[in-house]
file coords_27.cif (mmCIF, C-alpha atoms)
data_entry
#
loop_
_atom_site.label_atom_id
_atom_site.label_comp_id
_atom_site.auth_asym_id
_atom_site.auth_seq_id
_atom_site.Cartn_x
_atom_site.Cartn_y
_atom_site.Cartn_z
CA MET A 1 -47.53 -4.22 -0.48
CA ASP A 2 -48.16 -1.29 1.81
CA LEU A 3 -45.27 1.03 0.97
CA LYS A 4 -46.29 3.55 3.63
CA LYS A 5 -45.90 0.89 6.35
CA PHE A 6 -42.63 -0.20 4.75
CA ARG A 7 -41.24 3.36 4.88
CA ILE A 8 -42.16 3.65 8.57
CA SER A 9 -40.66 0.25 9.37
CA SER A 10 -37.52 1.03 7.37
CA ALA A 11 -37.01 4.36 9.13
CA ARG A 12 -37.53 2.72 12.52
CA LYS A 13 -35.14 -0.20 11.90
CA ARG A 14 -32.54 1.38 9.64
CA LYS A 15 -30.11 2.44 12.38
CA SER A 16 -29.99 -0.94 14.14
CA LEU A 17 -29.83 -2.89 10.87
CA SER A 18 -27.05 -0.65 9.56
CA ALA A 19 -25.16 -1.20 12.82
CA PHE A 20 -25.64 -4.96 12.40
CA LEU A 21 -24.22 -4.79 8.86
CA ASP A 22 -21.29 -2.70 10.12
CA LYS A 23 -20.56 -5.35 12.74
CA LEU A 24 -20.92 -8.02 10.08
CA ASP A 25 -18.03 -6.32 8.27
CA LYS A 26 -15.81 -7.34 11.17
CA ILE A 27 -17.35 -10.61 12.41
CA VAL A 28 -18.60 -13.01 9.76
CA PRO A 29 -20.04 -16.38 10.80
CA VAL A 30 -18.17 -19.21 9.04
CA ASP A 31 -21.32 -20.59 7.44
CA MET A 32 -22.71 -17.18 6.46
CA PRO A 33 -23.46 -18.20 2.83
CA LYS A 34 -25.70 -21.03 4.08
CA VAL A 35 -27.39 -18.76 6.62
CA VAL A 36 -28.04 -16.09 3.98
CA ALA A 37 -29.43 -18.65 1.50
CA ARG A 38 -31.70 -20.17 4.17
CA VAL A 39 -33.04 -16.82 5.37
CA ASP A 40 -33.35 -15.39 1.85
CA LYS A 41 -35.69 -18.26 0.88
CA THR A 42 -38.07 -17.18 3.65
CA VAL A 43 -38.00 -13.57 2.41
CA TRP A 44 -39.35 -14.50 -1.01
CA GLN A 45 -42.26 -16.34 0.59
CA ASP A 46 -43.36 -12.98 2.01
CA ILE A 47 -42.30 -10.45 -0.64
CA ASN A 48 -43.61 -10.14 -4.19
CA CYS A 49 -41.65 -7.62 -6.24
CA MET A 50 -44.52 -7.27 -8.69
CA GLU A 51 -46.71 -5.87 -5.90
CA CYS A 52 -44.00 -3.49 -4.77
CA ALA A 53 -41.74 -2.04 -7.50
CA ASN A 54 -40.45 0.48 -4.95
CA CYS A 55 -36.95 0.14 -6.38
CA CYS A 56 -38.27 1.34 -9.76
CA LYS A 57 -40.15 4.17 -8.06
CA THR A 58 -37.34 5.47 -5.84
CA MET A 59 -34.02 4.40 -7.38
CA THR A 60 -32.33 4.39 -10.76
CA PRO A 61 -30.17 1.64 -12.19
CA THR A 62 -26.81 2.27 -13.75
CA PHE A 63 -26.97 1.67 -17.50
CA THR A 64 -23.88 0.05 -19.00
CA LYS A 65 -22.93 0.51 -22.64
CA ALA A 66 -24.17 -3.03 -23.26
CA ASP A 67 -27.49 -2.19 -21.57
CA ILE A 68 -27.91 0.92 -23.71
CA LYS A 69 -27.15 -0.97 -26.90
CA ARG A 70 -29.52 -3.85 -26.03
CA ILE A 71 -32.41 -1.68 -24.82
CA SER A 72 -32.16 0.85 -27.63
CA ALA A 73 -32.20 -1.99 -30.20
CA HIS A 74 -35.27 -3.43 -28.47
CA LEU A 75 -36.96 -0.01 -28.68
CA GLU A 76 -35.80 0.40 -32.28
CA MET A 77 -33.79 3.50 -31.43
CA LYS A 78 -30.18 4.46 -31.92
CA PRO A 79 -28.16 4.34 -28.69
CA LYS A 80 -27.52 8.11 -28.88
CA GLU A 81 -31.26 8.77 -29.21
CA PHE A 82 -31.98 6.48 -26.24
CA VAL A 83 -29.40 8.28 -24.09
CA ALA A 84 -30.65 11.72 -25.12
CA LYS A 85 -34.25 10.82 -24.38
CA TRP A 86 -33.92 8.88 -21.11
CA LEU A 87 -30.49 9.11 -19.47
CA LYS A 88 -28.03 11.50 -17.87
CA LYS A 89 -24.55 11.21 -16.40
CA GLU A 90 -24.63 10.70 -12.66
CA GLU A 91 -22.99 13.46 -10.64
CA ASP A 92 -19.29 12.85 -9.90
CA SER A 93 -19.25 9.76 -12.13
CA ASP A 94 -19.36 8.57 -15.71
CA ASP A 95 -22.31 6.30 -14.88
CA MET A 96 -25.46 6.73 -16.95
CA VAL A 97 -28.74 6.79 -14.99
CA ASN A 98 -32.40 7.63 -15.56
CA THR A 99 -33.38 11.28 -15.78
CA THR A 100 -36.69 10.58 -14.03
CA GLN A 101 -38.15 8.68 -11.11
CA PRO A 102 -40.15 6.57 -11.15
CA CYS A 103 -38.44 4.72 -13.97
CA GLN A 104 -39.84 5.57 -17.37
CA PHE A 105 -40.22 1.86 -18.13
CA LEU A 106 -42.39 1.11 -15.07
CA VAL A 107 -45.97 0.54 -16.23
CA GLU A 108 -48.55 -0.63 -13.67
CA ASN A 109 -45.79 -1.90 -11.34
CA LYS A 110 -44.23 -3.93 -14.14
CA CYS A 111 -41.12 -3.35 -16.20
CA SER A 112 -42.11 -2.76 -19.81
CA ILE A 113 -38.63 -3.79 -20.98
CA TYR A 114 -38.20 -6.67 -18.52
CA GLU A 115 -36.62 -9.08 -20.99
CA VAL A 116 -33.90 -6.53 -21.88
CA ARG A 117 -33.76 -4.55 -18.60
CA PRO A 118 -30.41 -3.20 -17.33
CA ALA A 119 -28.11 -5.72 -15.66
CA ASP A 120 -28.31 -3.61 -12.50
CA CYS A 121 -32.08 -4.25 -12.40
CA ALA A 122 -31.73 -7.94 -13.19
CA GLU A 123 -29.32 -8.40 -10.28
CA PHE A 124 -31.33 -6.33 -7.78
CA PRO A 125 -31.62 -6.66 -4.78
CA HIS A 126 -28.22 -8.41 -4.89
CA HIS A 127 -28.99 -10.90 -2.11
CA ASP A 128 -27.09 -13.66 -3.89
CA LYS A 129 -23.82 -11.73 -4.17
CA LYS A 130 -20.90 -13.56 -2.65
CA PRO A 131 -19.39 -13.12 -0.24
CA PHE A 132 -22.45 -11.45 1.23
CA ASP A 133 -20.52 -9.25 3.67
CA LEU A 134 -18.66 -7.50 0.84
CA TYR A 135 -22.00 -5.94 -0.16
CA ASN A 136 -23.01 -4.58 3.24
CA GLU A 137 -22.86 -0.97 1.99
CA THR A 138 -25.15 -1.92 -0.89
CA PHE A 139 -27.60 -3.50 1.55
CA LYS A 140 -27.47 -0.47 3.85
CA ASN A 141 -28.25 1.78 0.89
CA ASN A 142 -31.12 -0.50 -0.17
CA LEU A 143 -32.80 -0.67 3.26
CA PRO A 144 -35.07 2.34 2.63
CA HIS A 145 -35.90 1.22 -0.91
CA CYS A 146 -36.39 -2.53 -0.85
CA PRO A 147 -38.74 -4.40 1.49
CA ALA A 148 -36.99 -7.68 0.61
CA THR A 149 -33.63 -6.30 1.72
CA LEU A 150 -35.11 -4.86 4.90
CA LEU A 151 -36.70 -8.21 5.70
CA LEU A 152 -33.54 -10.18 4.84
CA VAL A 153 -31.25 -8.06 7.00
CA ASP A 154 -33.78 -7.98 9.86
CA ARG A 155 -34.13 -11.77 9.80
CA LEU A 156 -30.38 -12.30 9.43
CA LYS A 157 -29.79 -10.09 12.46
CA LYS A 158 -32.20 -12.17 14.53
CA VAL A 159 -30.68 -15.48 13.38
CA VAL A 160 -27.08 -14.39 13.85
CA GLU A 161 -27.74 -12.86 17.29
CA LYS A 162 -29.58 -16.02 18.39
CA GLU A 163 -27.38 -18.74 16.90
CA TYR A 164 -23.88 -17.23 17.14
CA GLU A 165 -21.60 -15.76 19.76
CA TRP A 166 -22.09 -12.18 18.74
#

call {"tool": "encode", "arguments": {"input": "coords_27.cif", "output": "structure tokens"}}
result
Amino acid sequence: MDLKKFRISSARKRKSLSAFLDKLDKIVPVDMPKVVARVDKTVWQDINCMECANCCKTMTPTFTKADIKRISAHLEMKPKEFVAKWLKKEEDSDDMVNTTQPCQFLVENKCSIYEVRPADCAEFPHHDKKPFDLYNETFKNNLPHCPATLLLVDRLKKVVEKEYEW
């Protein structure tokens, strides 16, 4: 995964793909779940998260209380120790997030706590959320961070513009 090329591509396409997602807020093809599922399958033929890990390098998950309890137990720490060592409250929110980027648990592009990782990480990049169009803001925010999301939205735009009265 060439992250430099991804950043250039993301910057170049972000405005048009964000505009597409904004329009998708207003006009949703009836069979959108099928279209998303079909296009998303093609994305994973071209993207390997293990070669990328850009999300772990440039973003931070939100840690729920359940995440903190599970991960701290896995690390044989008390939840308060885990929070003090690794987390902070996000500005203007009660959400707990990493104090550092890249993620402290990223080791050689792999999550060292994968089996107990935060739910936010396990669900990323959220392509299977339903209905898809309710997560357009999430996808817009992920465009500069996730090559899979960039590719999904780019391909969806092409399919929707070709196959639907748009």

call {"tool": "atom_distance", "arguments": {"input": "coords_27.cif", "atom1": "CA of His127 (chain A)", "atom2": "CA of Arg155 (chain A)"}}
result
13.0 Å

call {"tool": "residues_around", "arguments": {"input": "coords_27.cif", "residues": "Pro61 (chain A)", "least_positions_apart": "3", "cutoff": "12 Å", "atoms": "all atoms listed in the file", "output": "ChimeraX atom specification"}}
result
/A:55-58,64,67-68,87-90,95-105,117-125

call {"tool": "closest_residue", "arguments": {"input": "coords_27.cif", "among": "A:Asp94, A:Asp31, A:Lys41, A:Met59", "to": "Leu143 (chain A)", "atoms": "all atoms listed in the file"}}
result
A:Met59

call {"tool": "resolve_selection", "arguments": {"input": "coords_27.cif", "expression": "the PyMOL selection byres ((chain A and resi 146) around 10)", "output": "ChimeraX atom specification"}}
result
/A:3,6-7,10,47,49,52-56,58-59,124-125,139,141-145,147-152

call {"tool": "closest_residue", "arguments": {"input": "coords_27.cif", "among": "A:Leu17, A:Val116, A:Ala11, A:Val39", "to": "Asp128 (chain A)", "atoms": "only C-alpha atoms"}}
result
A:Val39

call {"tool": "closest_residue", "arguments": {"input": "coords_27.cif", "among": "A:Met50, A:Ser93, A:Lys65, A:Phe132", "to": "Tyr114 (chain A)", "atoms": "only C-alpha atoms"}}
result
A:Met50

call {"tool": "atom_distance", "arguments": {"input": "coords_27.cif", "atom1": "CA of Lys157 (chain A)", "atom2": "CA of Leu24 (chain A)"}}
result
9.4 Å

call {"tool": "residues_around", "arguments": {"input": "coords_27.cif", "residues": "Val28 (chain A)", "least_positions_apart": "2", "cutoff": "12 Å", "atoms": "only C-alpha atoms", "output": "list in words"}}
result
Phe20, Leu21, Asp22, Lys23, Leu24, Asp25, Lys26, Val30, Asp31, Met32, Pro33, Val35, Val36, Pro131, Phe132, Asp133, Leu134, Asn136, Leu156, Lys157, Val160, Glu161, Tyr164, Glu165 and Trp166 of chain A

call {"tool": "atom_distance", "arguments": {"input": "coords_27.cif", "atom1": "CA of Lys129 (chain A)", "atom2": "CA of Thr42 (chain A)"}}
result
17.1 Å

call {"tool": "residues_around", "arguments": {"input": "coords_27.cif", "residues": "Glu81 (chain A)", "least_positions_apart": "4", "cutoff": "12 Å", "atoms": "all atoms listed in the file", "output": "compact mmCIF listing (two decimals) with C-alpha atoms, in the coordinates of the input"}}
result
# COMPACT_ATOMS: atom_id res chain seq x y z
CA ILE A 68 -27.91 0.92 -23.71
CA LYS A 69 -27.15 -0.97 -26.90
CA ILE A 71 -32.41 -1.68 -24.82
CA SER A 72 -32.16 0.85 -27.63
CA ALA A 73 -32.20 -1.99 -30.20
CA LEU A 75 -36.96 -0.01 -28.68
CA GLU A 76 -35.80 0.40 -32.28
CA MET A 77 -33.79 3.50 -31.43
CA LYS A 85 -34.25 10.82 -24.38
CA TRP A 86 -33.92 8.88 -21.11
CA LEU A 87 -30.49 9.11 -19.47

call {"tool": "decode", "arguments": {"input": "coords_27.cif", "residues": "region 69-110 of chain A", "atoms": "C-alpha atoms", "output": "PDB file, in the first residue's frame"}}
result
ATOM      1  CA  LYS A  69     -12.297  -3.222  31.023  1.00  0.00           C
ATOM      2  CA  ARG A  70     -11.627  -5.933  28.404  1.00  0.00           C
ATOM      3  CA  ILE A  71      -8.309  -4.534  27.166  1.00  0.00           C
ATOM      4  CA  SER A  72      -6.953  -3.719  30.609  1.00  0.00           C
ATOM      5  CA  ALA A  73      -7.770  -7.272  31.783  1.00  0.00           C
ATOM      6  CA  HIS A  74      -5.980  -8.628  28.712  1.00  0.00           C
ATOM      7  CA  LEU A  75      -2.941  -6.488  29.567  1.00  0.00           C
ATOM      8  CA  GLU A  76      -3.201  -7.481  33.224  1.00  0.00           C
ATOM      9  CA  MET A  77      -3.736  -3.889  34.314  1.00  0.00           C
ATOM     10  CA  LYS A  78      -6.403  -2.157  36.323  1.00  0.00           C
ATOM     11  CA  PRO A  79      -8.761  -0.062  34.172  1.00  0.00           C
ATOM     12  CA  LYS A  80      -7.611   3.139  35.930  1.00  0.00           C
ATOM     13  CA  GLU A  81      -3.973   2.300  35.179  1.00  0.00           C
ATOM     14  CA  PHE A  82      -4.829   1.606  31.532  1.00  0.00           C
ATOM     15  CA  VAL A  83      -6.649   4.934  31.210  1.00  0.00           C
ATOM     16  CA  ALA A  84      -3.854   6.856  32.932  1.00  0.00           C
ATOM     17  CA  LYS A  85      -1.194   5.289  30.729  1.00  0.00           C
ATOM     18  CA  TRP A  86      -2.872   5.370  27.302  1.00  0.00           C
ATOM     19  CA  LEU A  87      -6.054   7.454  27.139  1.00  0.00           C
ATOM     20  CA  LYS A  88      -7.419  10.969  27.467  1.00  0.00           C
ATOM     21  CA  LYS A  89     -10.848  12.566  27.277  1.00  0.00           C
ATOM     22  CA  GLU A  90     -11.599  13.893  23.830  1.00  0.00           C
ATOM     23  CA  GLU A  91     -12.141  17.644  23.645  1.00  0.00           C
ATOM     24  CA  ASP A  92     -15.792  18.707  24.045  1.00  0.00           C
ATOM     25  CA  SER A  93     -16.842  15.138  24.859  1.00  0.00           C
ATOM     26  CA  ASP A  94     -16.711  12.429  27.484  1.00  0.00           C
ATOM     27  CA  ASP A  95     -15.248  10.002  24.930  1.00  0.00           C
ATOM     28  CA  MET A  96     -11.952   8.343  25.799  1.00  0.00           C
ATOM     29  CA  VAL A  97      -9.346   8.258  23.010  1.00  0.00           C
ATOM     30  CA  ASN A  98      -5.654   7.470  22.561  1.00  0.00           C
ATOM     31  CA  THR A  99      -3.136  10.037  23.748  1.00  0.00           C
ATOM     32  CA  THR A 100      -0.805   9.206  20.847  1.00  0.00           C
ATOM     33  CA  GLN A 101      -0.829   8.567  17.132  1.00  0.00           C
ATOM     34  CA  PRO A 102       0.001   6.165  15.708  1.00  0.00           C
ATOM     35  CA  CYS A 103      -1.885   3.877  18.057  1.00  0.00           C
ATOM     36  CA  GLN A 104       0.276   2.505  20.831  1.00  0.00           C
ATOM     37  CA  PHE A 105      -0.915  -1.010  19.999  1.00  0.00           C
ATOM     38  CA  LEU A 106       0.174  -0.881  16.340  1.00  0.00           C
ATOM     39  CA  VAL A 107       3.256  -3.062  15.910  1.00  0.00           C
ATOM     40  CA  GLU A 108       4.605  -3.647  12.381  1.00  0.00           C
ATOM     41  CA  ASN A 109       1.238  -2.685  10.844  1.00  0.00           C
ATOM     42  CA  LYS A 110      -0.596  -5.165  13.059  1.00  0.00           C
TER      43      LYS A 110
END
